[in-house]
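Asker: So that we are looking at the same thing, I have put the structure below in structure tokens.
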Amino acid sequence: MLSGGGATGFAHIGVIKALEERGIPIDYITGTSAGALVGSMYSIGYSPAEIEEYVLSERFQLMSSGKLERNQEFLFQKDDEDASLIDLAFSKDSILKKSLPTNYIRPTLLDFEMMYVLGTIGASCGENFDSLFVPFRCVAADIYNKKSVVFSNGKLNQAVRASMTYPFFVNPIRINGQLLFDGGLYNNFPSDIMYNDFAPDYMIGSNVAGNATPPSEDDLLSQLRNMLVSYTNFDLPCDEGIVIRPTTDVGTFEFEDVKDAIQDGYLSTIKYLDSIELHVTRRVSIEELTLKRAAFKKKILKLNISSVNTYSLKKMDVSFVRKSILKNSKNQIITPELLTKRYFRTAAIPQIDYLLPTVTLKPDSTFHLDLLVRKTKDFKLEVGGHFSSRSVNTGYIGLTYYSLSKVALKIKGESYFGKFYASVKTSVDLQLPMYYPVSISPYFVLNRWDYYRSSSTFFEDIKPSFLVQNEMYYGVKIKHPLANNTKSIFDIRKFELKDDYYQTQNFKSTDTADYTQFYGEMASWQIENNSLNRKQFASSGHYFSFKARYVQGKERSISGSTSPTKYDINKNHDWINLDAEAQSFVINNRIFHLGIHAKAIMNSQSLFSNYKASILSTTSFSPLPDAGTFFLEEYRAPQHAGLGTNVIFSIKKSIDIRFDGYIYQPFKQIRLNDDGSVSYSKPFKGETYMAAGSIIYHSPFGPIRFTTNYFPKQKTPFYFQFSYGYVLFNERAIR
């Protein structure tokens with residue numbers, strides 16, 4: 001009998017290991033919650049060493065935290081990065097009633113692994129738990145009828161998944177119409193089930209759990225635990241047995257420390273072995289167990305899927321999911337490798353909130369896959385922004401509508417608002433059900449940047465803005481995946497840019513600015529690979545992007561009151577722009593991370609009517625997030641490259657000390673001549689640097705940081721700021 005206990009429950013692995021080493025046989029096994037997971041793995045023929053290896057693996061650690069392996073993520077389905085910090089999902093008919101989350105982690109990898117590891121073997125054994133390598137029972141809790149549910153047959157992965165559904169940590173599942181939770185709510189030590197179902201000669205229990213302490217007036221968690229959890233009797237129902245109580249300091253959710261729990265369970269059991277041997281005289285050698293396990297595993301069939309069914313508890317049309325996994329062709333066999341790839345690609349679809357897979361053995365020795373699909377709630381509201389001690393504060397709000405039937409549809413509206421940056425964007429994403437999916441996304445965007453004296457703090461008086469950039473563009477993107485972390489994007493758009501600017505620093509609020517309008521069309525193709533661990537301030541993973549675009553349009557520039565010459569110029573432009581960026585964290589361990597980051601742009605763009613208009617039309621080099629909130633002429637050139645390093649010390653799991661430094665080299669720089677004309681400088685002039693040092697706390701609701709930026713050619717090279725949130729904007733029209 002193995003009790004529940006979360007990460008603490010992995011002490012049971014050490015208990016079983018010690019028993020096997022002494023040759024003490026384990027003929028039957030029962031478990032609750034973590035005990036159900038450990039017990040089920042032993043019951044399907046895993047040795048204690050194999051169970052230990054599995055729970056110490058990176059995959060298991062990702063499972064326990066609700067994350068995925070890098071090769072299981074699907075970049076194609078991810079939205080463009082935005083400044084959202086929190087989100088709330090809700091349906092058409094209810095905003096609050098059904099909108100509060102029922103789980104802390106998303107169990108995509110957990111449920112797939114349960115199906116892959118447990119479900120296949122359970123189905124191969126006829127869904128009879130007595131036919132496993134070791135006969136097995138586990139317990140779940142039916143909170144509606146306030147009773148325990150004991151599993152002796154059925155889908156093994158479902159039974160174990162229900163037994164370990166810790167309330168509010170993992171979402172509950174339905175089996176035979178019953179909504180089931182963690183078995184520890186009503187029976188956290190299934191010794192009675194062992195006694196009643198198997199009637200063993202001698203019972204050995206491992207218990208790391210205990211009953212709730214009396215509730216306290218000012219402790220909400222203790223009150224909830226007493227309301228939810230029933231009293232469990234941790235004694236044996238007979239005299240023929242013993243209860244091992246491993247002592248460990250590992251907490252319920254400290255899955256990163258399961259190795260310590262296993263060792264604590266092993267050492268605790270050693271003390272009981274002499275007493276157990278007095279009552280259990282039969283012995284089973286490791287060699288004998290190894291042979292029996294090998295013979296059992298030979299009977300297990302390979303998980304080849306030949307048919308798929310998808311269904312929803314709300315009787316919705318979810319055929320899109322089935323068509324994404326199984327092509328419409330006869331006699332098709334999906335191998336385990338192909339199933340893994342297609343499953344996680346499908347699970348990444350934003351219109352899908354949850355998938356629960358189960359398998360059934362067919363007469364031809366292939367498997368049928370059933371997928372329970374729960375659609376994402378109709379709407380998602382996102383709120384965020386960037387809040388800084390400098391005058392670049394920006395709010396963000398976004399609203400997305402999701403629809404799933406024969407096709408997947410997403411409609412999103414979003415807005416940034418602040419005196420420095422404001423934007424409105426609407427987009428529609430239509431995706432057809434194909435293994436190699438394609439999405440068609442029409443969009444419309446308005447952007448506005450209003451540059452003040454950007455070094456000023458929030459509390460300082462600010463002069464009138466010296467530069468205002470307005471952008472309007474609309475078009476359509478066609479996206480498709482090249483690999484799980486790689487996508488291709490074709491983009492065609494029409495645009496109109498309007499820049500108001502002064503060509504001198506000496507201007508008054510009564511002066512009129514120079515004005516440049518540029519309107520035309522752009523076509524581009526981009527390939528992007530992204531496995532970075534965060535949307536900003538990443539510390540691991542890789543990124544690569546290459547973008548080629550062709551731009552054509554017409555410029556009209558009109559002089560303002562401070563311009564040295566009067567002009568009204570119309571001019572046609574067209575150019576090709578090649579943009580490449582790569583970032584890779586070549587050293588990535590628990591404490592130290594080292595990244596290499598490079599960017600380069602080659603541009604055939606012709607000069608605009610004056611120096612400031614030409615500078616404004618180019619793309620800036622801004623690898624540091626805060627660099628995008630300054631107007632820094634020294635980092636703007638039609639052709640340039642930059643190389644930098646990212647050095648990060650993770651002093652705690654969510655706290656980084658970060659140093660970023662870059663070398664910037666223009667290949668061809670725009671030059672203002674003494675007579676006011678504009679030309680290109682000699683090649684490779686104007687090299688400079690930029691750097692930043694930060695302390696960042698990656699909170700559950702976005703990064704909080706203290707940063708000092710260094711721009712050596714500025715009058716004040718060092719800029720300190722405190723900020724919360726992400727420095728992210730909607731995509732520029734062409735720059």
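Residues are named by chain letter and number: chains run A, B, ... in the order of the structure tokens, numbers start at 1 in each chain, and ligands are numbered from 1 in the order shown.
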Find the residues around A:Glu414 up to 10 Å (only C-alpha atoms counted), leave out those fewer than 5 positions away in its own chain, and share them as an mmCIF file with N, CA, C and O atoms, in the first residue's frame.
Answerer:
data_model
loop_
_atom_site.group_PDB
_atom_site.id
_atom_site.type_symbol
_atom_site.label_atom_id
_atom_site.label_comp_id
_atom_site.auth_asym_id
_atom_site.auth_seq_id
_atom_site.Cartn_x
_atom_site.Cartn_y
_atom_site.Cartn_z
ATOM 1 N N ASP A 82 3.443 39.813 -27.544
ATOM 2 C CA ASP A 82 2.863 41.082 -27.145
ATOM 3 C C ASP A 82 3.205 41.350 -25.683
ATOM 4 O O ASP A 82 3.885 40.561 -25.032
ATOM 5 N N LEU A 381 -9.325 37.640 -22.530
ATOM 6 C CA LEU A 381 -8.969 39.038 -22.292
ATOM 7 C C LEU A 381 -7.558 39.085 -21.722
ATOM 8 O O LEU A 381 -7.255 38.398 -20.742
ATOM 9 N N GLU A 382 -6.690 39.888 -22.340
ATOM 10 C CA GLU A 382 -5.305 40.027 -21.893
ATOM 11 C C GLU A 382 -5.033 41.475 -21.506
ATOM 12 O O GLU A 382 -5.474 42.402 -22.190
ATOM 13 N N VAL A 383 -4.294 41.646 -20.424
ATOM 14 C CA VAL A 383 -3.951 42.977 -19.929
ATOM 15 C C VAL A 383 -2.463 42.984 -19.596
ATOM 16 O O VAL A 383 -1.928 42.004 -19.065
ATOM 17 N N TYR A 396 -1.447 47.876 -22.178
ATOM 18 C CA TYR A 396 -1.814 46.941 -23.245
ATOM 19 C C TYR A 396 -3.110 46.236 -22.876
ATOM 20 O O TYR A 396 -3.322 45.849 -21.719
ATOM 21 N N ILE A 397 -3.986 46.060 -23.859
ATOM 22 C CA ILE A 397 -5.200 45.268 -23.667
ATOM 23 C C ILE A 397 -5.501 44.552 -24.975
ATOM 24 O O ILE A 397 -5.331 45.108 -26.067
ATOM 25 N N GLY A 398 -5.905 43.285 -24.875
ATOM 26 C CA GLY A 398 -6.225 42.502 -26.054
ATOM 27 C C GLY A 398 -7.424 41.610 -25.797
ATOM 28 O O GLY A 398 -7.628 41.126 -24.685
ATOM 29 N N LEU A 399 -8.235 41.400 -26.813
ATOM 30 C CA LEU A 399 -9.404 40.521 -26.715
ATOM 31 C C LEU A 399 -9.393 39.593 -27.920
ATOM 32 O O LEU A 399 -9.329 40.048 -29.068
ATOM 33 N N THR A 400 -9.476 38.272 -27.648
ATOM 34 C CA THR A 400 -9.423 37.264 -28.699
ATOM 35 C C THR A 400 -10.676 36.407 -28.661
ATOM 36 O O THR A 400 -11.130 36.011 -27.578
ATOM 37 N N SER A 423 -1.072 52.072 -30.272
ATOM 38 C CA SER A 423 -1.277 51.215 -31.427
ATOM 39 C C SER A 423 -2.634 50.530 -31.341
ATOM 40 O O SER A 423 -3.147 50.275 -30.250
ATOM 41 N N VAL A 424 -3.189 50.231 -32.493
ATOM 42 C CA VAL A 424 -4.395 49.413 -32.610
ATOM 43 C C VAL A 424 -4.127 48.365 -33.680
ATOM 44 O O VAL A 424 -3.599 48.690 -34.755
ATOM 45 N N LYS A 425 -4.490 47.121 -33.385
ATOM 46 C CA LYS A 425 -4.290 46.039 -34.349
ATOM 47 C C LYS A 425 -5.485 45.099 -34.325
ATOM 48 O O LYS A 425 -5.965 44.722 -33.256
ATOM 49 N N THR A 426 -5.985 44.746 -35.481
ATOM 50 C CA THR A 426 -7.009 43.716 -35.598
ATOM 51 C C THR A 426 -6.511 42.663 -36.581
ATOM 52 O O THR A 426 -5.853 42.994 -37.582
ATOM 53 N N SER A 427 -6.810 41.399 -36.292
ATOM 54 C CA SER A 427 -6.352 40.331 -37.175
ATOM 55 C C SER A 427 -7.322 39.164 -37.119
ATOM 56 O O SER A 427 -8.014 38.950 -36.118
ATOM 57 N N VAL A 445 -3.306 47.542 -38.968
ATOM 58 C CA VAL A 445 -2.502 48.069 -37.858
ATOM 59 C C VAL A 445 -2.359 49.580 -37.981
ATOM 60 O O VAL A 445 -2.107 50.116 -39.073
ATOM 61 N N ASN A 730 3.843 46.398 -31.524
ATOM 62 C CA ASN A 730 3.407 45.771 -32.766
ATOM 63 C C ASN A 730 4.459 45.987 -33.846
ATOM 64 O O ASN A 730 5.239 46.943 -33.796
#
Asker: List the spatial neighbours of A:Ile695 as a list in words - criterion: any atom at most 7 Å away, only C-alpha atoms, same-chain residues fewer than 2 positions off excluded.
Answerer: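 So the residues in contact are Asp656, Ile657, Arg658, Tyr697, Arg705, Phe706 and Thr707 of chain A.
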Asker: Name the residues in contact with A:Leu326 at a cut-off of 9 Å, using only C-alpha atoms, excluding same-chain residues fewer than 4 positions from it; report them as a list in words.
Answerer: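 Non-adjacent residues within range: Ser306, Ser307, Val308, Val321, Arg322, Gln332, Ile333, Ile334, Arg342 and Tyr435 of chain A.
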Asker: Export, as a PDB file, in the first residue's frame, the selected residues with N, CA, C and O atoms.
Answerer:
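Contents of again14.pdb, as written:
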ATOM      1  N   SER A 306      -4.358   2.877 -35.766  1.00  0.00           N
ATOM      2  CA  SER A 306      -4.977   2.689 -37.085  1.00  0.00           C
ATOM      3  C   SER A 306      -6.316   3.412 -37.221  1.00  0.00           C
ATOM      4  O   SER A 306      -6.862   3.489 -38.319  1.00  0.00           O
ATOM      5  N   SER A 307      -6.859   3.935 -36.108  1.00  0.00           N
ATOM      6  CA  SER A 307      -8.114   4.694 -36.187  1.00  0.00           C
ATOM      7  C   SER A 307      -8.157   5.705 -35.051  1.00  0.00           C
ATOM      8  O   SER A 307      -7.557   5.494 -33.989  1.00  0.00           O
ATOM      9  N   VAL A 308      -8.871   6.798 -35.294  1.00  0.00           N
ATOM     10  CA  VAL A 308      -8.940   7.893 -34.323  1.00  0.00           C
ATOM     11  C   VAL A 308     -10.383   8.379 -34.227  1.00  0.00           C
ATOM     12  O   VAL A 308     -11.071   8.519 -35.249  1.00  0.00           O
ATOM     13  N   VAL A 321      -9.826  18.292 -35.076  1.00  0.00           N
ATOM     14  CA  VAL A 321      -8.752  17.630 -34.325  1.00  0.00           C
ATOM     15  C   VAL A 321      -8.443  16.268 -34.937  1.00  0.00           C
ATOM     16  O   VAL A 321      -7.275  15.902 -35.122  1.00  0.00           O
ATOM     17  N   ARG A 322      -9.484  15.496 -35.260  1.00  0.00           N
ATOM     18  CA  ARG A 322      -9.261  14.171 -35.848  1.00  0.00           C
ATOM     19  C   ARG A 322      -8.520  14.286 -37.177  1.00  0.00           C
ATOM     20  O   ARG A 322      -7.570  13.540 -37.443  1.00  0.00           O
ATOM     21  N   GLN A 332      -4.187   3.383 -42.988  1.00  0.00           N
ATOM     22  CA  GLN A 332      -3.064   4.199 -42.517  1.00  0.00           C
ATOM     23  C   GLN A 332      -2.670   3.790 -41.107  1.00  0.00           C
ATOM     24  O   GLN A 332      -3.527   3.603 -40.240  1.00  0.00           O
ATOM     25  N   ILE A 333      -1.396   3.636 -40.860  1.00  0.00           N
ATOM     26  CA  ILE A 333      -0.878   3.302 -39.541  1.00  0.00           C
ATOM     27  C   ILE A 333      -0.035   4.477 -39.050  1.00  0.00           C
ATOM     28  O   ILE A 333       0.896   4.925 -39.730  1.00  0.00           O
ATOM     29  N   ILE A 334      -0.369   4.961 -37.870  1.00  0.00           N
ATOM     30  CA  ILE A 334       0.412   6.028 -37.251  1.00  0.00           C
ATOM     31  C   ILE A 334       1.354   5.390 -36.243  1.00  0.00           C
ATOM     32  O   ILE A 334       0.918   4.816 -35.238  1.00  0.00           O
ATOM     33  N   ARG A 342       2.388  14.449 -34.241  1.00  0.00           N
ATOM     34  CA  ARG A 342       1.082  15.002 -34.601  1.00  0.00           C
ATOM     35  C   ARG A 342       0.282  15.399 -33.364  1.00  0.00           C
ATOM     36  O   ARG A 342      -0.463  16.383 -33.389  1.00  0.00           O
ATOM     37  N   TYR A 435      -2.358  18.028 -41.895  1.00  0.00           N
ATOM     38  CA  TYR A 435      -1.170  17.663 -41.125  1.00  0.00           C
ATOM     39  C   TYR A 435      -0.107  18.740 -41.276  1.00  0.00           C
ATOM     40  O   TYR A 435       0.587  19.087 -40.322  1.00  0.00           O
TER      41      TYR A 435
END
Asker: Can you tell me, as a ChimeraX atom specification, which residues in stretch 205-391 of chain A count as strand (DSSP E or B) by DSSP?
Answerer: /A:205-206,241-244,305-311,334,352-361,367-375,379-388,390
Asker: Write out as a PDB file with N, CA and C atoms, in the first residue's frame each polymer residue whose atoms come within 12 Å of A:Gln665, counting only C-alpha atoms; drop sequence neighbours fewer than 6 positions from it.
Answerer:
ATOM      1  N   ALA A 598      23.563  37.923 -32.656  1.00  0.00           N
ATOM      2  CA  ALA A 598      24.051  38.667 -33.818  1.00  0.00           C
ATOM      3  C   ALA A 598      22.879  39.140 -34.666  1.00  0.00           C
ATOM      4  N   LYS A 599      23.025  40.343 -35.255  1.00  0.00           N
ATOM      5  CA  LYS A 599      22.008  40.901 -36.151  1.00  0.00           C
ATOM      6  C   LYS A 599      22.718  41.589 -37.316  1.00  0.00           C
ATOM      7  N   ALA A 600      22.128  41.512 -38.501  1.00  0.00           N
ATOM      8  CA  ALA A 600      22.705  42.178 -39.674  1.00  0.00           C
ATOM      9  C   ALA A 600      21.592  42.578 -40.638  1.00  0.00           C
ATOM     10  N   ILE A 601      21.784  43.727 -41.300  1.00  0.00           N
ATOM     11  CA  ILE A 601      20.822  44.229 -42.287  1.00  0.00           C
ATOM     12  C   ILE A 601      21.588  44.716 -43.511  1.00  0.00           C
ATOM     13  N   PHE A 621      19.271  49.507 -34.927  1.00  0.00           N
ATOM     14  CA  PHE A 621      19.881  48.380 -34.221  1.00  0.00           C
ATOM     15  C   PHE A 621      19.520  48.526 -32.747  1.00  0.00           C
ATOM     16  N   GLU A 634      22.852  57.211 -33.845  1.00  0.00           N
ATOM     17  CA  GLU A 634      24.117  56.513 -34.076  1.00  0.00           C
ATOM     18  C   GLU A 634      23.943  55.023 -34.334  1.00  0.00           C
ATOM     19  N   TYR A 635      22.740  54.481 -34.023  1.00  0.00           N
ATOM     20  CA  TYR A 635      22.484  53.055 -34.266  1.00  0.00           C
ATOM     21  C   TYR A 635      21.539  52.842 -35.455  1.00  0.00           C
ATOM     22  N   ARG A 636      21.467  53.835 -36.350  1.00  0.00           N
ATOM     23  CA  ARG A 636      20.620  53.723 -37.536  1.00  0.00           C
ATOM     24  C   ARG A 636      21.475  53.850 -38.797  1.00  0.00           C
ATOM     25  N   ALA A 637      21.378  52.830 -39.655  1.00  0.00           N
ATOM     26  CA  ALA A 637      22.094  52.836 -40.925  1.00  0.00           C
ATOM     27  C   ALA A 637      21.428  51.819 -41.841  1.00  0.00           C
ATOM     28  N   PRO A 638      21.422  52.067 -43.152  1.00  0.00           N
ATOM     29  CA  PRO A 638      20.760  51.128 -44.061  1.00  0.00           C
ATOM     30  C   PRO A 638      21.453  49.768 -44.138  1.00  0.00           C
ATOM     31  N   GLN A 639      22.744  49.744 -43.843  1.00  0.00           N
ATOM     32  CA  GLN A 639      23.492  48.488 -43.813  1.00  0.00           C
ATOM     33  C   GLN A 639      24.337  48.457 -42.546  1.00  0.00           C
ATOM     34  N   HIS A 640      24.116  47.462 -41.715  1.00  0.00           N
ATOM     35  CA  HIS A 640      24.874  47.390 -40.473  1.00  0.00           C
ATOM     36  C   HIS A 640      24.835  45.978 -39.915  1.00  0.00           C
ATOM     37  N   ALA A 641      25.674  45.736 -38.915  1.00  0.00           N
ATOM     38  CA  ALA A 641      25.699  44.449 -38.219  1.00  0.00           C
ATOM     39  C   ALA A 641      26.086  44.691 -36.774  1.00  0.00           C
ATOM     40  N   GLY A 642      25.681  43.787 -35.923  1.00  0.00           N
ATOM     41  CA  GLY A 642      26.025  43.881 -34.508  1.00  0.00           C
ATOM     42  C   GLY A 642      26.212  42.496 -33.925  1.00  0.00           C
ATOM     43  N   LEU A 643      27.095  42.410 -32.951  1.00  0.00           N
ATOM     44  CA  LEU A 643      27.385  41.136 -32.288  1.00  0.00           C
ATOM     45  C   LEU A 643      27.485  41.382 -30.795  1.00  0.00           C
ATOM     46  N   GLY A 644      26.874  40.497 -30.008  1.00  0.00           N
ATOM     47  CA  GLY A 644      26.904  40.694 -28.561  1.00  0.00           C
ATOM     48  C   GLY A 644      26.864  39.394 -27.792  1.00  0.00           C
ATOM     49  N   PRO A 683      32.775  53.621 -46.143  1.00  0.00           N
ATOM     50  CA  PRO A 683      32.401  52.333 -45.534  1.00  0.00           C
ATOM     51  C   PRO A 683      33.053  52.124 -44.165  1.00  0.00           C
ATOM     52  N   PHE A 684      32.319  51.432 -43.308  1.00  0.00           N
ATOM     53  CA  PHE A 684      32.797  50.977 -41.996  1.00  0.00           C
ATOM     54  C   PHE A 684      33.194  52.129 -41.065  1.00  0.00           C
ATOM     55  N   LYS A 685      32.457  53.238 -41.139  1.00  0.00           N
ATOM     56  CA  LYS A 685      32.632  54.335 -40.205  1.00  0.00           C
ATOM     57  C   LYS A 685      31.473  54.345 -39.208  1.00  0.00           C
ATOM     58  N   GLY A 686      31.744  54.840 -38.008  1.00  0.00           N
ATOM     59  CA  GLY A 686      30.686  55.020 -37.030  1.00  0.00           C
ATOM     60  C   GLY A 686      30.474  53.865 -36.075  1.00  0.00           C
ATOM     61  N   GLU A 687      31.470  52.985 -35.915  1.00  0.00           N
ATOM     62  CA  GLU A 687      31.293  51.864 -34.994  1.00  0.00           C
ATOM     63  C   GLU A 687      31.124  52.372 -33.554  1.00  0.00           C
ATOM     64  N   THR A 688      30.335  51.654 -32.782  1.00  0.00           N
ATOM     65  CA  THR A 688      30.099  52.031 -31.389  1.00  0.00           C
ATOM     66  C   THR A 688      29.632  50.802 -30.613  1.00  0.00           C
ATOM     67  N   TYR A 689      29.171  51.028 -29.383  1.00  0.00           N
ATOM     68  CA  TYR A 689      28.800  49.933 -28.496  1.00  0.00           C
ATOM     69  C   TYR A 689      27.477  50.258 -27.811  1.00  0.00           C
ATOM     70  N   MET A 690      26.913  49.270 -27.153  1.00  0.00           N
ATOM     71  CA  MET A 690      25.841  49.484 -26.194  1.00  0.00           C
ATOM     72  C   MET A 690      25.869  48.332 -25.201  1.00  0.00           C
TER      73      MET A 690
END
Asker: Could you check which of A:Trp449, A:Val476, A:Ala613, A:Leu578 is closest to A:Phe631, using only C-alpha atoms?
Answerer: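 The answer is A:Trp449, which sits nearest to A:Phe631.
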Asker: Could you check the closest approach to A:Asn673 for each of A:Glu256, A:Pro135, A:Val170, A:Tyr611 and tell me which residue wins, using only C-alpha atoms?
Answerer: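 Among the listed residues, the smallest separation from A:Asn673 belongs to A:Tyr611.
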Asker: Which residue gives the smallest distance to A:Gly35 among A:Ser614, A:Asn207, A:Ser124, A:Ser148, with only C-alpha atoms counted?
Answerer: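 Using only C-alpha atoms, A:Gly35 sits closest to A:Asn207.
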Asker: Using only C-alpha atoms, which of A:Ile276, A:Ile655, A:Val243, A:Ala89 sits nearest A:Val208?
Answerer: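 Among the listed residues, the smallest separation from A:Val208 belongs to A:Val243.
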Asker: For A:Leu467, please output as a ChimeraX atom specification all residues within 7 Å (counting only C-alpha atoms; exclusion window: fewer than 2 positions along the same chain).
Answerer: /A:450-451,465,469,500-502
Asker: May I ask which of the residues A:Tyr311, A:Phe729, A:Phe76, A:Tyr42 is the closest one to A:Glu528, counting only C-alpha atoms?
Answerer: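 Result for the nearest residue to A:Glu528: A:Phe76.
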Asker: Considering only C-alpha atoms, state which residue in the set A:Ser152, A:Ser312, A:Asn188, A:Ser561 is at the smallest distance from A:Thr376.
Answerer: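 Residue with the minimum atom-to-atom distance to A:Thr376: A:Ser312.
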Asker: By how many Å are atom CA of A:Glu633 and atom CA of A:Ser84 apart?
Answerer: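 The value is 29.5 Å.
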Asker: To one decimal place, how far is atom CA of A:Arg390 from atom CA of A:Thr512 in Å?
Answerer: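 Those two atoms sit 26.6 Å apart.
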Asker: Considering only C-alpha atoms, give me a table of residues in stretch 52-95 of chain A that are at most 7 Å from stretch 481-497 of chain A, with the closest atom pair and distance in Å for each, as a Markdown table.
Answerer:
| residue | atom | partner | partner_atom | distance |
| --- | --- | --- | --- | --- |
| A:Asn71 | CA | A:Asn484 | CA | 6.4 |
| A:Gln72 | CA | A:Asn484 | CA | 7.0 |
| A:Glu73 | CA | A:Asn484 | CA | 6.3 |
| A:Phe74 | CA | A:Asn484 | CA | 4.7 |
| A:Leu75 | CA | A:Asn485 | CA | 4.9 |
| A:Phe76 | CA | A:Pro481 | CA | 5.6 |
Asker: Skipping near chain neighbours, those fewer than 3 positions away, what residues fall within 12 Å of A:Arg245 using only C-alpha atoms, listed as number ranges by chain?
Answerer: A: 1-3, 8-9, 11-12, 14-15, 189, 204-210, 234-235, 242, 248, 264-272
Asker: Which distance in Å separates atom CA of A:Lys362 and atom CA of A:Gln158, to one decimal?
Answerer: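 These atoms are spaced 18.6 Å apart.
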Asker: Give me the residues near stretch 534-543 of chain A as a list in words, where near means some atom within 8 Å (using only C-alpha atoms) and where sequence neighbours in that chain fewer than 2 positions away do not count.
Answerer: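 The filter keeps Glu81, Glu528, Asn529, Asn530, Ser531, Leu532, Ser545, Glu581, Ala582, Gln583, Ser584, Phe585, Asn588, His593, Leu594, Gly595, Ile648 and Tyr726 of chain A.
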